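Structure, as structure tokens:
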Amino acid sequence: MPEFPSVEWFDSVRQAANTDPDFRALGTCDAAVGVKVGRRVFQLNFKAFQCTGVSETDEDSLRDVDFYLEMLPPRWKAFIENISAHSRADPDHTLNTLDLNETEGILRSRDAYGLNSFLRYHLTIQKFFDSAANVETTY
């Protein structure tokens, strides 16, 4: 059972997403997405109809991604547990809702183009995380 956060966990979610026809049906996504969990940083690479890779990296690399999502570990845990409980994020726990409802939001980007990429691909990124419902997770 993979532990969150880890490359193993993100890779398990990547495999679940890539085999889900509903993920593929959302269309192409070409983006490098950062995920910041406390002090740990991960990069998810999306190309065409799949997530092509996952890696752990450092905070400096966040300047090279299109955008990144940042939450403290307890918030990430609540997000993932909500997905597991409902097989997908409920309306109060989507990435979009979390960004709008958090004091400082969860979405970060170095420029407006990155923010635009999130708006363009947010359904694919959400579906990626919703695939965590198929991954047994420890914390």
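Lettering and numbering for the structure tokens are positional, with chains as A, B, ... in the shown order, residues counted from 1 in each chain, and ligands counted from 1 in the shown order.
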
Which residues of range 73-123 of chain A sit at most 12 Å from range 3-20 of chain A, using only C-alpha atoms? Give each one's shortest atom pair and distance in Å (one decimal place), in chain and ascending residue order, as a tab-separated table.
residue	atom	partner	partner_atom	distance
A:Pro73	CA	A:Pro5	CA	8.4
A:Pro74	CA	A:Phe4	CA	11.0
A:Trp76	CA	A:Phe4	CA	9.0
A:Lys77	CA	A:Phe4	CA	8.1
A:Ala78	CA	A:Phe4	CA	11.8
A:Phe79	CA	A:Phe4	CA	11.7
A:Ile80	CA	A:Phe4	CA	9.2
A:Glu81	CA	A:Phe4	CA	11.1

Produce a file of the selected residues containing N, CA and C atoms, as a PDB file, in the first residue's frame.
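Dumped to again_19.pdb:
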ATOM      1  N   PRO A  73       0.201  19.086   4.485  1.00  0.00           N
ATOM      2  CA  PRO A  73      -0.158  17.662   4.510  1.00  0.00           C
ATOM      3  C   PRO A  73      -1.553  17.351   5.059  1.00  0.00           C
ATOM      4  N   PRO A  74      -2.024  17.991   6.154  1.00  0.00           N
ATOM      5  CA  PRO A  74      -3.377  17.652   6.623  1.00  0.00           C
ATOM      6  C   PRO A  74      -4.468  17.987   5.602  1.00  0.00           C
ATOM      7  N   TRP A  76      -4.045  18.026   2.239  1.00  0.00           N
ATOM      8  CA  TRP A  76      -3.943  17.008   1.195  1.00  0.00           C
ATOM      9  C   TRP A  76      -4.610  15.715   1.661  1.00  0.00           C
ATOM     10  N   LYS A  77      -4.355  15.337   2.919  1.00  0.00           N
ATOM     11  CA  LYS A  77      -4.949  14.104   3.444  1.00  0.00           C
ATOM     12  C   LYS A  77      -6.474  14.187   3.401  1.00  0.00           C
ATOM     13  N   ALA A  78      -7.040  15.310   3.827  1.00  0.00           N
ATOM     14  CA  ALA A  78      -8.503  15.479   3.798  1.00  0.00           C
ATOM     15  C   ALA A  78      -9.029  15.399   2.369  1.00  0.00           C
ATOM     16  N   PHE A  79      -8.304  15.980   1.427  1.00  0.00           N
ATOM     17  CA  PHE A  79      -8.673  15.952   0.011  1.00  0.00           C
ATOM     18  C   PHE A  79      -8.711  14.505  -0.499  1.00  0.00           C
ATOM     19  N   ILE A  80      -7.662  13.752  -0.224  1.00  0.00           N
ATOM     20  CA  ILE A  80      -7.566  12.366  -0.710  1.00  0.00           C
ATOM     21  C   ILE A  80      -8.582  11.467   0.005  1.00  0.00           C
ATOM     22  N   GLU A  81      -8.764  11.672   1.297  1.00  0.00           N
ATOM     23  CA  GLU A  81      -9.765  10.878   2.016  1.00  0.00           C
ATOM     24  C   GLU A  81     -11.172  11.149   1.504  1.00  0.00           C
TER      25      GLU A  81
END

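Using only C-alpha atoms, the protein and nucleic acid residues lying no more than 10 Å from range 86-94 of chain A, apart from those fewer than 3 places from it along its own chain, are A:Ala78, A:Phe79, A:Ile80, A:Glu81, A:Asn82, A:Ile83, A:Thr97, A:Leu98, A:Asp99, A:Leu100, A:Asn101, A:His122, A:Leu123, A:Gln126, A:Lys127, A:Phe128, A:Phe129, A:Asp130, A:Ser131, A:Ala132, A:Ala133, A:Asn134.
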
Near-Val37 in chain A list (6 Å; only C-alpha atoms; drop same-chain fewer than 3 positions) as number ranges by chain: A: 40, 71-73

CA of Leu44 in chain A to CA of Ala31 in chain A, straight-line distance in Å: 8.2 Å

Residue neighbourhood Ser61 in chain A, 10 Å, only C-alpha atoms, exclusion window fewer than 6 positions, as a PyMOL selection string: chain A and resi 34+41-43

Export of prior selection with C-alpha atoms as a PDB file, in the first residue's frame:
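File result33.pdb, as written:
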ATOM      1  CA  GLY A  34       3.855  20.640  -9.571  1.00  0.00           C
ATOM      2  CA  VAL A  41       7.636  18.668  -4.122  1.00  0.00           C
ATOM      3  CA  PHE A  42       6.534  16.371  -6.945  1.00  0.00           C
ATOM      4  CA  GLN A  43       6.198  16.894 -10.670  1.00  0.00           C
TER       5      GLN A  43
END

Exercise: Cys29 in chain A partners within 6 Å, only C-alpha atoms, chain neighbours under 4 positions left out, as a ChimeraX atom specification: /A:46-48

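Counting only C-alpha atoms and comparing A:Met1, A:Asp58, A:Phe118, A:Glu70, the residue that lies closest to Ala32 in chain A is A:Phe118.
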
Residue list (strand (DSSP E or B), DSSP) for chain A, as a PDB file with N, CA and C atoms, in the first residue's frame:
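So result.pdb came out as:
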ATOM      1  N   GLU A   3       2.372   5.004   0.357  1.00  0.00           N
ATOM      2  CA  GLU A   3       2.196   6.071   1.333  1.00  0.00           C
ATOM      3  C   GLU A   3       2.152   7.424   0.630  1.00  0.00           C
ATOM      4  N   ALA A  31       0.959  19.439 -20.025  1.00  0.00           N
ATOM      5  CA  ALA A  31       1.337  20.319 -18.924  1.00  0.00           C
ATOM      6  C   ALA A  31       2.293  19.620 -17.968  1.00  0.00           C
ATOM      7  N   ALA A  32       3.180  20.404 -17.394  1.00  0.00           N
ATOM      8  CA  ALA A  32       4.009  19.973 -16.269  1.00  0.00           C
ATOM      9  C   ALA A  32       3.375  20.590 -15.038  1.00  0.00           C
ATOM     10  N   VAL A  33       2.960  19.737 -14.109  1.00  0.00           N
ATOM     11  CA  VAL A  33       2.205  20.170 -12.942  1.00  0.00           C
ATOM     12  C   VAL A  33       3.005  19.853 -11.678  1.00  0.00           C
ATOM     13  N   GLY A  34       3.188  20.853 -10.846  1.00  0.00           N
ATOM     14  CA  GLY A  34       3.855  20.640  -9.571  1.00  0.00           C
ATOM     15  C   GLY A  34       2.838  20.382  -8.478  1.00  0.00           C
ATOM     16  N   VAL A  35       3.237  19.596  -7.502  1.00  0.00           N
ATOM     17  CA  VAL A  35       2.410  19.313  -6.338  1.00  0.00           C
ATOM     18  C   VAL A  35       3.310  19.509  -5.117  1.00  0.00           C
ATOM     19  N   LYS A  36       2.945  20.472  -4.296  1.00  0.00           N
ATOM     20  CA  LYS A  36       3.739  20.754  -3.099  1.00  0.00           C
ATOM     21  C   LYS A  36       2.949  20.310  -1.876  1.00  0.00           C
ATOM     22  N   VAL A  37       3.538  19.377  -1.138  1.00  0.00           N
ATOM     23  CA  VAL A  37       2.922  18.828   0.065  1.00  0.00           C
ATOM     24  C   VAL A  37       3.861  19.174   1.222  1.00  0.00           C
ATOM     25  N   ARG A  40       7.730  18.846   0.663  1.00  0.00           N
ATOM     26  CA  ARG A  40       8.014  17.906  -0.431  1.00  0.00           C
ATOM     27  C   ARG A  40       7.370  18.404  -1.721  1.00  0.00           C
ATOM     28  N   VAL A  41       8.077  18.183  -2.819  1.00  0.00           N
ATOM     29  CA  VAL A  41       7.636  18.668  -4.122  1.00  0.00           C
ATOM     30  C   VAL A  41       7.693  17.518  -5.130  1.00  0.00           C
ATOM     31  N   PHE A  42       6.623  17.397  -5.911  1.00  0.00           N
ATOM     32  CA  PHE A  42       6.534  16.371  -6.945  1.00  0.00           C
ATOM     33  C   PHE A  42       6.167  17.035  -8.266  1.00  0.00           C
ATOM     34  N   GLN A  43       6.571  16.404  -9.346  1.00  0.00           N
ATOM     35  CA  GLN A  43       6.198  16.894 -10.670  1.00  0.00           C
ATOM     36  C   GLN A  43       5.467  15.797 -11.415  1.00  0.00           C
ATOM     37  N   LEU A  44       4.324  16.163 -11.985  1.00  0.00           N
ATOM     38  CA  LEU A  44       3.522  15.273 -12.812  1.00  0.00           C
ATOM     39  C   LEU A  44       3.598  15.792 -14.236  1.00  0.00           C
ATOM     40  N   ASN A  45       3.929  14.931 -15.172  1.00  0.00           N
ATOM     41  CA  ASN A  45       4.003  15.334 -16.575  1.00  0.00           C
ATOM     42  C   ASN A  45       2.859  14.704 -17.346  1.00  0.00           C
ATOM     43  N   PHE A  46       2.108  15.551 -18.012  1.00  0.00           N
ATOM     44  CA  PHE A  46       0.981  15.110 -18.820  1.00  0.00           C
ATOM     45  C   PHE A  46       1.297  15.394 -20.280  1.00  0.00           C
ATOM     46  N   LYS A  47       1.053  14.401 -21.122  1.00  0.00           N
ATOM     47  CA  LYS A  47       1.272  14.534 -22.552  1.00  0.00           C
ATOM     48  C   LYS A  47       0.175  13.763 -23.269  1.00  0.00           C
ATOM     49  N   GLN A  50      -2.430  11.050 -21.454  1.00  0.00           N
ATOM     50  CA  GLN A  50      -1.989  10.330 -20.269  1.00  0.00           C
ATOM     51  C   GLN A  50      -1.009  11.129 -19.421  1.00  0.00           C
ATOM     52  N   CYS A  51      -0.833  10.660 -18.215  1.00  0.00           N
ATOM     53  CA  CYS A  51       0.230  11.177 -17.350  1.00  0.00           C
ATOM     54  C   CYS A  51       1.446  10.326 -17.679  1.00  0.00           C
ATOM     55  N   THR A  52       2.485  10.953 -18.181  1.00  0.00           N
ATOM     56  CA  THR A  52       3.645  10.209 -18.683  1.00  0.00           C
ATOM     57  C   THR A  52       4.737  10.001 -17.649  1.00  0.00           C
ATOM     58  N   GLY A  53       4.688  10.746 -16.560  1.00  0.00           N
ATOM     59  CA  GLY A  53       5.751  10.561 -15.582  1.00  0.00           C
ATOM     60  C   GLY A  53       5.507  11.307 -14.289  1.00  0.00           C
ATOM     61  N   VAL A  54       6.159  10.796 -13.263  1.00  0.00           N
ATOM     62  CA  VAL A  54       6.070  11.351 -11.918  1.00  0.00           C
ATOM     63  C   VAL A  54       7.477  11.365 -11.338  1.00  0.00           C
ATOM     64  N   SER A  55       7.832  12.450 -10.678  1.00  0.00           N
ATOM     65  CA  SER A  55       9.138  12.495 -10.027  1.00  0.00           C
ATOM     66  C   SER A  55       9.072  13.381  -8.795  1.00  0.00           C
ATOM     67  N   GLU A  56       9.962  13.096  -7.851  1.00  0.00           N
ATOM     68  CA  GLU A  56      10.113  14.001  -6.716  1.00  0.00           C
ATOM     69  C   GLU A  56      11.236  14.955  -7.071  1.00  0.00           C
ATOM     70  N   THR A  57      11.067  16.181  -6.735  1.00  0.00           N
ATOM     71  CA  THR A  57      12.023  17.199  -7.132  1.00  0.00           C
ATOM     72  C   THR A  57      12.204  18.188  -5.985  1.00  0.00           C
ATOM     73  N   PHE A  67       2.130  25.157 -13.656  1.00  0.00           N
ATOM     74  CA  PHE A  67       1.488  25.629 -12.425  1.00  0.00           C
ATOM     75  C   PHE A  67       1.701  24.559 -11.370  1.00  0.00           C
ATOM     76  N   TYR A  68       1.445  24.923 -10.123  1.00  0.00           N
ATOM     77  CA  TYR A  68       1.508  23.911  -9.077  1.00  0.00           C
ATOM     78  C   TYR A  68       0.425  24.130  -8.043  1.00  0.00           C
ATOM     79  N   LEU A  69       0.140  23.038  -7.347  1.00  0.00           N
ATOM     80  CA  LEU A  69      -0.888  23.020  -6.310  1.00  0.00           C
ATOM     81  C   LEU A  69      -0.176  22.870  -4.977  1.00  0.00           C
ATOM     82  N   GLU A  70      -0.517  23.738  -4.018  1.00  0.00           N
ATOM     83  CA  GLU A  70       0.177  23.727  -2.736  1.00  0.00           C
ATOM     84  C   GLU A  70      -0.812  23.671  -1.581  1.00  0.00           C
ATOM     85  N   MET A  71      -0.639  22.635  -0.752  1.00  0.00           N
ATOM     86  CA  MET A  71      -1.410  22.518   0.480  1.00  0.00           C
ATOM     87  C   MET A  71      -0.514  21.877   1.538  1.00  0.00           C
ATOM     88  N   LEU A 107      -3.601  27.260  -5.854  1.00  0.00           N
ATOM     89  CA  LEU A 107      -3.003  27.303  -7.183  1.00  0.00           C
ATOM     90  C   LEU A 107      -1.900  28.344  -7.216  1.00  0.00           C
ATOM     91  N   ARG A 108      -0.749  27.950  -7.755  1.00  0.00           N
ATOM     92  CA  ARG A 108       0.382  28.860  -7.885  1.00  0.00           C
ATOM     93  C   ARG A 108       0.932  28.769  -9.309  1.00  0.00           C
ATOM     94  N   THR A 138      -1.797   4.910   2.535  1.00  0.00           N
ATOM     95  CA  THR A 138      -1.423   5.117   3.938  1.00  0.00           C
ATOM     96  C   THR A 138      -0.818   6.500   4.053  1.00  0.00           C
TER      97      THR A 138
END

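You will find CA of Asp111 in chain A at 27.6 Å from CA of Arg24 in chain A.
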
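In this comparison, which uses only C-alpha atoms, the residue of A:Glu59, A:Val135, A:Thr103, A:Asp66 approaching Ala85 in chain A most closely is A:Val135.
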
Distance in Å - CA of Ala25 in chain A versus CA of Arg120 in chain A: 14.8 Å

Alpha helix (DSSP H) call set, DSSP backbone run, chain A, as a ChimeraX atom specification: /A:7-18,21-25,73-86,95-101,112-130

Nearest candidate to Pro21 in chain A (options A:Leu95, A:Pro2, A:Asn116, A:Thr124; using only C-alpha atoms): A:Thr124

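The smallest atom-to-atom distance between Ser117 in chain A and any of A:Thr137, A:Ser84, A:Gly105, A:Asp30, using only C-alpha atoms, is found for A:Asp30.
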